[in-house]
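As provided, structure-v1.cif (mmCIF, C-alpha atoms and all ligand atoms) reads as follows.
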```cif
data_query
#
loop_
_atom_site.label_atom_id
_atom_site.label_comp_id
_atom_site.auth_asym_id
_atom_site.auth_seq_id
_atom_site.Cartn_x
_atom_site.Cartn_y
_atom_site.Cartn_z
CA MET A 1 -67.26 -20.59 -111.48
CA VAL A 2 -67.13 -21.86 -115.00
CA ASP A 3 -63.85 -23.53 -115.65
CA LYS A 4 -62.06 -23.85 -118.97
CA VAL A 5 -64.75 -22.33 -121.09
CA GLY A 6 -63.99 -21.41 -124.63
CA ASN A 7 -62.37 -22.94 -127.64
CA PRO A 8 -58.69 -23.36 -126.73
CA LEU A 9 -57.82 -22.21 -130.24
CA PHE A 10 -58.91 -18.76 -129.13
CA SER A 11 -58.89 -18.85 -125.32
CA GLU A 12 -55.25 -19.95 -125.16
CA MET A 13 -54.15 -17.43 -127.74
CA PRO A 14 -52.60 -14.11 -126.69
CA THR A 15 -54.38 -10.85 -127.51
CA THR A 16 -53.26 -9.54 -130.89
CA VAL A 17 -49.94 -7.70 -130.73
CA PHE A 18 -51.47 -4.58 -132.33
CA GLU A 19 -53.91 -4.10 -129.44
CA VAL A 20 -51.25 -4.92 -126.84
CA MET A 21 -48.74 -2.43 -128.23
CA SER A 22 -51.33 0.32 -128.74
CA GLN A 23 -52.46 -0.07 -125.11
CA LEU A 24 -48.87 0.07 -123.91
CA ALA A 25 -48.22 3.13 -126.08
CA ASN A 26 -51.27 4.88 -124.57
CA GLN A 27 -50.26 4.01 -121.02
CA HIS A 28 -46.80 5.48 -121.51
CA GLY A 29 -47.70 8.43 -123.73
CA ALA A 30 -45.50 6.93 -126.45
CA VAL A 31 -45.58 7.96 -130.09
CA ASN A 32 -47.40 5.00 -131.59
CA LEU A 33 -45.51 3.69 -134.60
CA GLY A 34 -46.84 0.22 -133.83
CA GLN A 35 -50.35 -0.49 -135.07
CA GLY A 36 -50.74 0.57 -138.70
CA PHE A 37 -53.16 3.45 -138.96
CA PRO A 38 -52.70 6.86 -140.58
CA ASP A 39 -53.13 10.00 -138.49
CA ASP A 40 -54.68 12.20 -141.16
CA ARG A 41 -58.40 12.65 -141.78
CA GLY A 42 -58.63 10.81 -145.11
CA PRO A 43 -59.95 12.40 -148.34
CA ALA A 44 -62.53 15.12 -147.58
CA ASP A 45 -64.81 14.19 -150.50
CA VAL A 46 -64.99 10.56 -149.34
CA LEU A 47 -65.88 11.68 -145.81
CA GLN A 48 -68.52 14.02 -147.21
CA ALA A 49 -69.99 11.24 -149.36
CA ALA A 50 -70.35 9.10 -146.22
CA ALA A 51 -71.97 11.96 -144.30
CA ASP A 52 -74.42 12.63 -147.14
CA ALA A 53 -75.30 8.97 -147.44
CA LEU A 54 -75.80 8.72 -143.69
CA THR A 55 -78.24 11.61 -143.45
CA GLU A 56 -79.94 11.36 -146.82
CA GLY A 57 -79.43 7.78 -147.95
CA TYR A 58 -80.63 4.31 -147.15
CA ASN A 59 -79.75 2.98 -143.69
CA GLN A 60 -81.23 -0.52 -143.74
CA TYR A 61 -79.62 -3.83 -144.65
CA PRO A 62 -78.11 -3.74 -148.09
CA SER A 63 -77.77 -6.98 -150.06
CA MET A 64 -75.35 -9.40 -148.43
CA TRP A 65 -73.21 -9.08 -151.57
CA GLY A 66 -72.88 -5.31 -151.03
CA THR A 67 -74.59 -2.36 -152.69
CA PRO A 68 -74.75 -2.50 -156.50
CA GLN A 69 -73.00 0.86 -156.58
CA LEU A 70 -69.94 -0.37 -154.66
CA ARG A 71 -69.80 -3.71 -156.45
CA GLN A 72 -69.83 -1.87 -159.77
CA ALA A 73 -67.09 0.44 -158.52
CA VAL A 74 -64.93 -2.51 -157.41
CA ALA A 75 -65.38 -4.20 -160.79
CA ALA A 76 -64.47 -0.96 -162.60
CA HIS A 77 -61.42 -0.48 -160.35
CA ASN A 78 -60.21 -3.97 -161.29
CA GLY A 79 -60.53 -3.09 -164.97
CA ARG A 80 -58.93 0.33 -164.66
CA PHE A 81 -55.84 -0.71 -162.68
CA TYR A 82 -55.26 -4.31 -163.73
CA GLY A 83 -57.14 -4.86 -167.00
CA LEU A 84 -59.40 -7.43 -165.32
CA ASP A 85 -62.86 -7.92 -166.79
CA VAL A 86 -65.06 -8.46 -163.73
CA ASP A 87 -68.80 -9.24 -163.59
CA TRP A 88 -69.97 -7.08 -160.70
CA GLN A 89 -73.05 -9.20 -160.07
CA ARG A 90 -71.35 -12.55 -159.71
CA GLU A 91 -67.72 -11.77 -158.95
CA VAL A 92 -67.65 -9.06 -156.26
CA LEU A 93 -68.50 -9.34 -152.58
CA VAL A 94 -68.34 -6.48 -150.08
CA THR A 95 -67.18 -7.39 -146.57
CA SER A 96 -66.66 -5.65 -143.23
CA GLY A 97 -62.97 -5.03 -143.76
CA ALA A 98 -60.30 -7.24 -145.25
CA THR A 99 -60.23 -9.12 -141.94
CA GLU A 100 -63.72 -10.42 -142.57
CA ALA A 101 -62.92 -11.03 -146.24
CA LEU A 102 -59.97 -13.20 -145.20
CA ALA A 103 -62.10 -15.18 -142.77
CA ALA A 104 -64.90 -15.65 -145.31
CA CYS A 105 -62.47 -16.78 -148.02
CA LEU A 106 -60.54 -19.20 -145.81
CA LEU A 107 -63.63 -20.61 -144.08
CA GLY A 108 -65.44 -20.85 -147.40
CA LEU A 109 -62.66 -22.74 -149.18
CA ILE A 110 -60.80 -24.93 -146.69
CA ARG A 111 -62.12 -28.41 -145.94
CA PRO A 112 -60.84 -30.20 -142.81
CA GLY A 113 -57.49 -31.80 -143.63
CA ASP A 114 -56.76 -29.57 -146.63
CA GLU A 115 -53.24 -28.23 -146.76
CA VAL A 116 -52.78 -24.49 -146.85
CA VAL A 117 -49.54 -22.90 -148.00
CA LEU A 118 -48.70 -19.76 -146.04
CA PHE A 119 -45.79 -17.41 -146.64
CA GLU A 120 -44.29 -16.13 -143.43
CA PRO A 121 -43.95 -13.45 -142.18
CA LEU A 122 -47.72 -13.61 -142.12
CA TYR A 123 -50.44 -11.27 -140.92
CA ASP A 124 -51.66 -12.46 -137.56
CA SER A 125 -55.26 -13.26 -138.47
CA TYR A 126 -54.42 -15.91 -141.09
CA LEU A 127 -53.29 -18.87 -139.04
CA PRO A 128 -56.09 -18.94 -136.45
CA ILE A 129 -58.68 -18.95 -139.23
CA VAL A 130 -56.85 -21.64 -141.20
CA LYS A 131 -56.81 -23.78 -138.04
CA LEU A 132 -60.44 -23.02 -137.24
CA ALA A 133 -61.36 -24.29 -140.69
CA GLY A 134 -59.40 -27.50 -140.05
CA GLY A 135 -56.65 -26.61 -142.51
CA VAL A 136 -53.13 -27.98 -142.16
CA PRO A 137 -50.58 -25.16 -142.49
CA ARG A 138 -47.49 -25.62 -144.68
CA PHE A 139 -45.03 -22.76 -144.50
CA VAL A 140 -42.77 -21.02 -146.95
CA SER A 141 -40.47 -18.99 -144.71
CA LEU A 142 -39.05 -15.76 -146.05
CA ALA A 143 -36.16 -14.37 -144.06
CA PRO A 144 -34.75 -10.88 -143.75
CA PRO A 145 -32.96 -9.05 -145.23
CA HIS A 146 -34.07 -10.23 -148.72
CA TRP A 147 -37.36 -12.03 -147.99
CA SER A 148 -36.69 -14.19 -151.05
CA PHE A 149 -37.71 -17.74 -151.95
CA GLY A 150 -37.19 -20.16 -154.81
CA ARG A 151 -38.43 -23.36 -156.36
CA GLU A 152 -37.02 -25.55 -153.59
CA GLU A 153 -39.01 -23.84 -150.84
CA LEU A 154 -42.21 -24.23 -152.84
CA GLU A 155 -41.45 -27.88 -153.58
CA GLN A 156 -41.28 -28.51 -149.84
CA ALA A 157 -44.53 -26.73 -149.08
CA PHE A 158 -46.81 -27.86 -151.92
CA SER A 159 -48.31 -31.34 -152.20
CA PRO A 160 -51.26 -32.91 -154.00
CA ARG A 161 -53.29 -32.04 -150.87
CA THR A 162 -52.66 -28.31 -151.20
CA ARG A 163 -56.04 -26.63 -151.43
CA VAL A 164 -55.29 -22.98 -150.68
CA VAL A 165 -52.33 -20.64 -150.96
CA MET A 166 -52.44 -17.57 -148.75
CA LEU A 167 -50.50 -14.72 -150.35
CA ASN A 168 -50.00 -11.15 -149.16
CA THR A 169 -48.44 -8.63 -151.54
CA PRO A 170 -47.37 -5.93 -150.77
CA GLN A 171 -46.50 -7.84 -147.64
CA ASN A 172 -47.02 -6.76 -144.05
CA PRO A 173 -44.61 -6.42 -142.20
CA SER A 174 -41.69 -6.93 -144.62
CA GLY A 175 -42.78 -4.31 -147.16
CA LYS A 176 -41.95 -6.89 -149.85
CA VAL A 177 -43.67 -6.51 -153.21
CA PHE A 178 -43.78 -9.85 -155.01
CA THR A 179 -42.39 -9.70 -158.57
CA SER A 180 -44.09 -11.15 -161.64
CA ASP A 181 -41.46 -13.90 -161.74
CA GLU A 182 -42.17 -14.89 -158.14
CA LEU A 183 -45.90 -14.88 -158.82
CA ASP A 184 -45.42 -17.03 -161.93
CA LEU A 185 -43.46 -19.57 -159.92
CA ILE A 186 -46.27 -19.74 -157.35
CA ALA A 187 -48.78 -20.07 -160.22
CA GLU A 188 -46.83 -22.99 -161.65
CA PHE A 189 -47.10 -24.87 -158.34
CA MET A 190 -50.77 -23.96 -157.99
CA ARG A 191 -51.54 -25.42 -161.39
CA GLY A 192 -49.67 -28.58 -160.41
CA SER A 193 -51.71 -29.07 -157.24
CA GLY A 194 -55.09 -27.67 -158.28
CA ALA A 195 -54.90 -25.07 -155.49
CA VAL A 196 -56.60 -21.71 -155.33
CA ALA A 197 -55.10 -18.54 -153.84
CA VAL A 198 -56.46 -16.07 -151.35
CA CYS A 199 -54.64 -12.85 -152.20
CA ASP A 200 -54.49 -10.21 -149.49
CA GLU A 201 -53.78 -7.07 -151.54
CA VAL A 202 -54.88 -4.43 -149.04
CA TYR A 203 -51.73 -2.38 -149.79
CA GLU A 204 -52.26 -2.54 -153.57
CA HIS A 205 -52.00 1.25 -153.93
CA LEU A 206 -48.97 1.56 -151.68
CA THR A 207 -45.92 0.50 -153.69
CA PHE A 208 -42.82 2.67 -153.98
CA ASP A 209 -40.01 3.65 -156.34
CA GLY A 210 -42.11 2.90 -159.42
CA ARG A 211 -42.63 -0.77 -158.54
CA PRO A 212 -45.92 -2.04 -159.91
CA HIS A 213 -48.39 -3.97 -157.81
CA VAL A 214 -49.15 -7.16 -159.74
CA PRO A 215 -52.17 -9.21 -158.67
CA LEU A 216 -51.58 -12.96 -158.95
CA MET A 217 -55.01 -13.02 -160.59
CA THR A 218 -53.57 -11.29 -163.68
CA ARG A 219 -50.92 -13.96 -164.32
CA PRO A 220 -51.51 -16.67 -166.94
CA GLY A 221 -54.06 -19.28 -165.89
CA MET A 222 -54.80 -17.55 -162.58
CA ARG A 223 -57.99 -15.59 -163.31
CA GLY A 224 -60.28 -18.38 -162.12
CA ARG A 225 -58.09 -19.52 -159.24
CA CYS A 226 -57.66 -16.38 -157.16
CA LEU A 227 -59.69 -14.42 -154.67
CA ARG A 228 -58.37 -10.86 -154.57
CA ILE A 229 -58.98 -8.86 -151.39
CA GLY A 230 -58.86 -5.07 -151.11
CA SER A 231 -59.51 -2.68 -148.21
CA ALA A 232 -60.92 0.83 -148.24
CA GLY A 233 -59.15 1.28 -144.90
CA LYS A 234 -55.79 1.30 -146.65
CA THR A 235 -56.78 2.81 -149.98
CA PHE A 236 -58.49 5.83 -148.39
CA SER A 237 -56.55 6.05 -145.10
CA LEU A 238 -59.74 5.26 -143.16
CA THR A 239 -58.80 2.11 -141.26
CA GLY A 240 -61.70 2.41 -138.80
CA TRP A 241 -64.26 2.06 -141.55
CA LYS A 242 -63.69 -1.66 -142.10
CA VAL A 243 -64.93 -1.87 -145.65
CA GLY A 244 -63.31 -4.63 -147.69
CA TYR A 245 -64.02 -6.28 -151.02
CA VAL A 246 -63.33 -9.65 -152.61
CA THR A 247 -63.12 -10.29 -156.33
CA GLY A 248 -63.09 -13.79 -157.80
CA ALA A 249 -64.63 -16.33 -160.13
CA PRO A 250 -68.32 -17.11 -159.45
CA GLU A 251 -67.59 -20.74 -158.50
CA LEU A 252 -65.29 -19.59 -155.69
CA MET A 253 -67.41 -16.63 -154.67
CA GLN A 254 -70.43 -18.79 -153.95
CA SER A 255 -68.68 -20.53 -151.03
CA VAL A 256 -67.14 -17.31 -149.79
CA ALA A 257 -70.52 -15.57 -149.77
CA LYS A 258 -72.04 -18.44 -147.80
CA ALA A 259 -69.40 -17.99 -145.10
CA HIS A 260 -69.83 -14.20 -145.18
CA GLN A 261 -73.59 -14.43 -144.69
CA PHE A 262 -73.04 -15.84 -141.19
CA LEU A 263 -70.04 -13.74 -140.24
CA THR A 264 -71.42 -10.26 -140.73
CA PHE A 265 -73.98 -10.65 -143.55
CA THR A 266 -73.46 -7.05 -144.63
CA THR A 267 -71.59 -3.74 -144.16
CA PRO A 268 -72.92 -0.20 -143.43
CA PRO A 269 -74.48 1.16 -146.64
CA ASN A 270 -73.36 4.77 -146.11
CA LEU A 271 -69.73 3.71 -145.92
CA GLN A 272 -70.22 1.57 -149.01
CA ALA A 273 -71.58 4.62 -150.87
CA ALA A 274 -68.55 6.68 -149.88
CA VAL A 275 -66.08 3.95 -150.86
CA ALA A 276 -67.80 3.61 -154.24
CA HIS A 277 -67.25 7.32 -154.72
CA GLY A 278 -63.63 7.01 -153.62
CA LEU A 279 -62.77 4.17 -155.99
CA GLY A 280 -63.81 6.45 -158.83
CA LYS A 281 -61.34 9.18 -157.89
CA ASP A 282 -58.80 10.40 -160.48
CA ASP A 283 -55.54 8.58 -161.03
CA SER A 284 -53.78 11.49 -159.34
CA TYR A 285 -55.36 10.48 -156.02
CA PHE A 286 -53.89 6.98 -156.20
CA THR A 287 -50.45 8.09 -157.40
CA GLY A 288 -50.45 10.86 -154.78
CA LEU A 289 -51.23 8.36 -152.03
CA ALA A 290 -48.20 6.24 -152.93
CA ALA A 291 -45.90 9.23 -153.45
CA GLY A 292 -46.87 10.77 -150.12
CA MET A 293 -46.31 7.47 -148.34
CA GLN A 294 -42.94 6.98 -150.04
CA ALA A 295 -41.79 10.35 -148.69
CA LYS A 296 -42.85 9.28 -145.19
CA ARG A 297 -40.98 6.00 -145.63
CA ASP A 298 -37.85 7.92 -146.58
CA ARG A 299 -38.20 10.27 -143.63
CA LEU A 300 -38.58 7.53 -141.03
CA SER A 301 -36.02 5.19 -142.64
CA ALA A 302 -33.39 7.96 -142.56
CA ALA A 303 -34.16 8.72 -138.91
CA LEU A 304 -33.87 5.04 -137.93
CA LYS A 305 -30.56 4.71 -139.78
CA ALA A 306 -29.26 7.81 -138.05
CA VAL A 307 -29.76 6.25 -134.61
CA GLY A 308 -28.10 3.00 -135.68
CA PHE A 309 -30.80 0.53 -136.72
CA GLY A 310 -30.09 -1.75 -139.70
CA VAL A 311 -32.95 -0.49 -141.86
CA LEU A 312 -34.38 -2.70 -144.61
CA GLU A 313 -35.87 -1.24 -147.76
CA ALA A 314 -39.68 -1.07 -147.68
CA GLN A 315 -40.93 -1.65 -151.24
CA GLY A 316 -44.55 -1.05 -150.24
CA THR A 317 -47.09 -0.94 -147.33
CA TYR A 318 -47.13 1.33 -144.27
CA PHE A 319 -44.14 -0.36 -142.65
CA VAL A 320 -40.37 -0.39 -142.44
CA THR A 321 -38.55 -3.21 -140.66
CA ALA A 322 -35.28 -2.67 -138.88
CA ASP A 323 -32.60 -4.95 -137.51
CA LEU A 324 -31.92 -4.10 -133.90
CA ARG A 325 -28.62 -5.98 -133.57
CA PRO A 326 -26.48 -3.07 -134.84
CA LEU A 327 -27.70 -1.16 -131.77
CA GLY A 328 -26.05 -3.74 -129.56
CA TRP A 329 -29.34 -5.00 -128.08
CA GLU A 330 -28.80 -8.47 -126.68
CA GLY A 331 -32.41 -9.44 -126.03
CA ASP A 332 -35.18 -10.30 -128.43
CA ASP A 333 -37.54 -8.06 -130.38
CA VAL A 334 -40.38 -8.32 -127.83
CA SER A 335 -38.24 -7.07 -124.95
CA PHE A 336 -36.82 -4.39 -127.24
CA CYS A 337 -40.29 -3.11 -128.17
CA ARG A 338 -41.33 -2.98 -124.52
CA MET A 339 -38.18 -1.07 -123.63
CA LEU A 340 -38.60 1.28 -126.59
CA THR A 341 -42.19 2.08 -125.65
CA THR A 342 -41.67 2.53 -121.92
CA GLU A 343 -38.21 4.14 -121.94
CA ALA A 344 -37.80 5.88 -125.29
CA GLY A 345 -41.49 6.75 -125.72
CA VAL A 346 -41.84 5.20 -129.18
CA ALA A 347 -43.97 2.12 -129.84
CA ALA A 348 -43.14 -0.45 -132.52
CA ILE A 349 -44.17 -4.03 -133.29
CA PRO A 350 -41.89 -7.05 -132.80
CA VAL A 351 -41.57 -8.84 -136.13
CA SER A 352 -41.58 -12.23 -134.36
CA ALA A 353 -45.36 -11.78 -134.03
CA PHE A 354 -45.57 -12.50 -137.76
CA PHE A 355 -43.68 -15.81 -137.61
CA ALA A 356 -45.17 -19.17 -136.71
CA HIS A 357 -42.68 -21.64 -138.15
CA LYS A 358 -39.08 -20.40 -138.42
CA PRO A 359 -38.72 -17.69 -135.79
CA VAL A 360 -37.17 -14.34 -136.62
CA ASP A 361 -36.80 -12.29 -133.46
CA ARG A 362 -34.25 -9.55 -133.99
CA TYR A 363 -36.30 -7.17 -136.12
CA VAL A 364 -38.93 -4.56 -135.33
CA ARG A 365 -41.61 -2.99 -137.51
CA PHE A 366 -42.20 0.76 -137.52
CA CYS A 367 -45.25 2.31 -139.11
CA PHE A 368 -44.59 5.46 -141.18
CA CYS A 369 -48.14 6.43 -142.27
CA LYS A 370 -48.05 9.47 -139.97
CA GLY A 371 -47.69 13.21 -140.29
CA GLU A 372 -44.22 14.71 -140.56
CA ALA A 373 -44.43 16.28 -137.11
CA LEU A 374 -45.15 12.93 -135.45
CA LEU A 375 -42.43 11.15 -137.39
CA ASP A 376 -39.99 13.89 -136.38
CA GLU A 377 -41.07 13.66 -132.76
CA ALA A 378 -40.45 9.91 -132.84
CA ALA A 379 -37.05 10.51 -134.45
CA ALA A 380 -36.13 13.05 -131.76
CA ARG A 381 -37.15 10.67 -128.97
CA LEU A 382 -35.15 7.83 -130.48
CA LYS A 383 -32.11 10.04 -130.89
CA ARG A 384 -32.32 11.25 -127.31
CA HIS A 385 -32.70 7.72 -126.01
CA PHE A 386 -29.90 6.12 -127.99
CA ASP A 387 -27.52 9.08 -127.53
CA ARG A 388 -27.99 8.69 -123.79
CA ALA A 389 -27.49 4.92 -124.00
CA ALA A 390 -24.28 5.27 -126.04
N1 LIG A 401 -54.34 -7.75 -144.21
C1 LIG A 401 -53.21 -7.09 -143.91
C2 LIG A 401 -51.93 -7.55 -144.51
C3 LIG A 401 -53.25 -6.00 -143.06
O1 LIG A 401 -52.12 -5.37 -142.76
C4 LIG A 401 -54.47 -5.63 -142.49
C5 LIG A 401 -54.45 -4.56 -141.44
N2 LIG A 401 -55.02 -3.55 -141.59
C6 LIG A 401 -55.64 -6.32 -142.85
C7 LIG A 401 -55.52 -7.38 -143.69
C8 LIG A 401 -56.98 -5.96 -142.29
O2 LIG A 401 -57.61 -4.97 -143.02
P1 LIG A 401 -59.00 -4.35 -142.57
O3 LIG A 401 -58.70 -3.26 -141.59
O4 LIG A 401 -59.63 -3.84 -143.83
O5 LIG A 401 -59.80 -5.43 -141.94
N1 LIG A 402 -53.10 -4.17 -140.00
C1 LIG A 402 -52.70 -3.39 -138.89
C2 LIG A 402 -51.21 -3.56 -138.68
O1 LIG A 402 -50.60 -4.43 -139.23
C3 LIG A 402 -53.39 -3.77 -137.61
C4 LIG A 402 -54.83 -4.07 -137.67
C5 LIG A 402 -55.30 -4.51 -136.31
O2 LIG A 402 -55.00 -3.86 -135.33
N2 LIG A 402 -55.97 -5.59 -136.26
O3 LIG A 402 -50.68 -2.79 -137.94
#
```
Written as C-alpha cells, that's how I'd like the structure from this file.
Ligand code: PMP
Ligand code: GLN
Amino acid sequence: MVDKVGNPLFSEMPTTVFEVMSQLANQHGAVNLGQGFPDDRGPADVLQAAADALTEGYNQYPSMWGTPQLRQAVAAHNGRFYGLDVDWQREVLVTSGATEALAACLLGLIRPGDEVVLFEPLYDSYLPIVKLAGGVPRFVSLAPPHWSFGREELEQAFSPRTRVVMLNTPQNPSGKVFTSDELDLIAEFMRGSGAVAVCDEVYEHLTFDGRPHVPLMTRPGMRGRCLRIGSAGKTFSLTGWKVGYVTGAPELMQSVAKAHQFLTFTTPPNLQAAVAHGLGKDDSYFTGLAAGMQAKRDRLSAALKAVGFGVLEAQGTYFVTADLRPLGWEGDDVSFCRMLTTEAGVAAIPVSAFFAHKPVDRYVRFCFCKGEALLDEAAARLKRHFDRAA
C-alpha cells in the first residue's frame, strides 16, 4: 500500500462543494438549485456553429493562444461593450474555461512569497491555486447583508509586497456588482503597491436593474495592470463547454500564456468557432440574457421570501443568497443544506464554502438560472416542507 501519497494541499482538501451537493441532489432526486448551470439548451445558432465546425472544420490543435477568429471576436467584444482597444494578436488568450484562465493567470503572475489580496466570499478555486503558486493570501472580508468595504479594510490587506489582487465582479455567491467608486478605491491601492489584478468577470453579461458591469481594466491607470477573464459558459448558457478567454497587456499575457501552455495548451477548435460566432451576436441577445435572468431572480427571490428566508438582493450572477435565521434554524448552513436536500428535496450551496478567513455560516446560495417550471417546483417543495415544519 502506498501511504500518504499526494500533495497535502490537494489530498487533504475536501471535494468541491458543487460536486458534493450535485451528487447529493441526484441521490435524493432533489431539484438542484446548488451548482450553477442553466437548464436550457443555449442559443441554437451557437450550437449549430459548433456542429458545423465539428463536421466540416479543422479538428487538430489550434494555436495555444486560441484560433485567430475567436481572439479577434474577444478583442471586438472588449471594444463593443467597454470601449477597450485590444490587440487580438498580443492581448487575448483562449483557455479551457475561466477555471483554467484563473489558474494560468495566478500561476503565471505569483512568485513564492508574493502577497495576494483576495475579497471573500471567494470562488472556491482561487485559494488553492494562490497557495500552489506560493502566494500569501491577504483577505478583504465582505459580510452580508451589504457586502461592502472601505479604505480601512484595504489598508489592512495591501502592503508593499502585494503582487496580485483577485477580484470577482459580478461576484459569486453574493451577487454583488462592484461600483465604479469601489473599483477606483481598489485601483488607488494597486497603484500604491505596484500590484496587478486578475479580474474574474465571467458574469459580465448578467447584471440586473440597469446596473452596468464595469471592468476594473477600464478605470484610470488600470489598462496595463489587469487581466480580464470571461467565460462562454456563462455568456451563452453552455457551462459544459469550458471555453474561457483572458484579455490583458502583452507584458502580463506572456507569463500567463507560458503557464497555459502546460496546463491545457489549447481548447477544442469547433467550440472556439462557435463562441466566436456567439460573441458577434446582436446587442438584443446580451440584453435579453440579462433580462431573462432578472425575471428568474425575481421569481425565486419571491418564493424564498414567501417561505420565510431573509432574501438578499442579487445585483448580478446566477445566484441569490438567503439568511436562514428567520426560519428559526439553529444549526449552520452546511447542516441546513443537507437537510434541505434530503428532506425538502431542494439542493442549495452553503455560503460558508466561499469563506476562508472570517466565517459566515448562516446563509445559503440558490441558483436561479433554471426554467420557470423547475423554479416553481422548487418553490412548491419548499412551501410544503416549511408549512409542515411550522
Ligand atoms: N469564476 C466564477 C466566479 C464562477 O462562478 C465560475 C463557475 N462557473 C468560474 C469562474 C468557472 O468558469 P468556467 O466554467 O468557465 O471554468
Ligand atoms: N461556478 C459554478 C457555481 O458556482 C460551479 C462550477 C463547478 O462546479 N466547478 O455553482
Next on the checklist: Can you tell me which residues surround Glu152 of chain A at a distance of at most 12 Å, considering only C-alpha atoms, apart from same-chain residues fewer than 4 positions away, and format the answer as a list in words?
Outcome noted: Val140, Ser141, Ser148, Gln156, Ala157, Phe158, Leu185, Ile186 and Phe189 of chain A
Item to check | Distance query Asn7 of chain A at most 12 Å, all atoms listed in the file, self and fewer than 6 positions along chain excluded, as an MDAnalysis selection string | outcome: chainID A and resid 13 128 131:132
Per residue of segment 14-121 of chain A within 8 Å of segment 198-206 of chain A, note the shortest atom pair and the distance in Å to one decimal, counting all atoms listed in the file, and order the rows by chain and increasing residue number, as JSON lines.
```
{"residue": "A:Ala98", "atom": "CA", "partner": "A:Val202", "partner_atom": "CA", "distance": 7.2}
{"residue": "A:Leu102", "atom": "CA", "partner": "A:Asp200", "partner_atom": "CA", "distance": 7.6}
{"residue": "A:Cys105", "atom": "CA", "partner": "A:Val198", "partner_atom": "CA", "distance": 6.9}
{"residue": "A:Leu106", "atom": "CA", "partner": "A:Val198", "partner_atom": "CA", "distance": 7.6}
```
Checklist entry - Quick one: residues within 9 Å of ligand LIG 401 (chain A), with only C-alpha atoms and all ligand atoms, as number ranges by chain? => result A: 35-37, 95-102, 122-126, 168-173, 200-203, 229-234, 238-245, 317-318
Item to check | Straight-line distance linking atom CA of Phe262 of chain A with atom CA of Gly134 of chain A, stated in Å to one decimal | outcome: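 Those two atoms sit 18.0 Å apart.
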Next on the checklist: I need the residue nearest Lys258 of chain A from this list: A:Ser237, A:Leu109, A:Ala51, A:Tyr58. Use all atoms listed in the file for the distance.
Outcome noted: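 Among the listed residues, the smallest separation from Lys258 of chain A belongs to A:Leu109.
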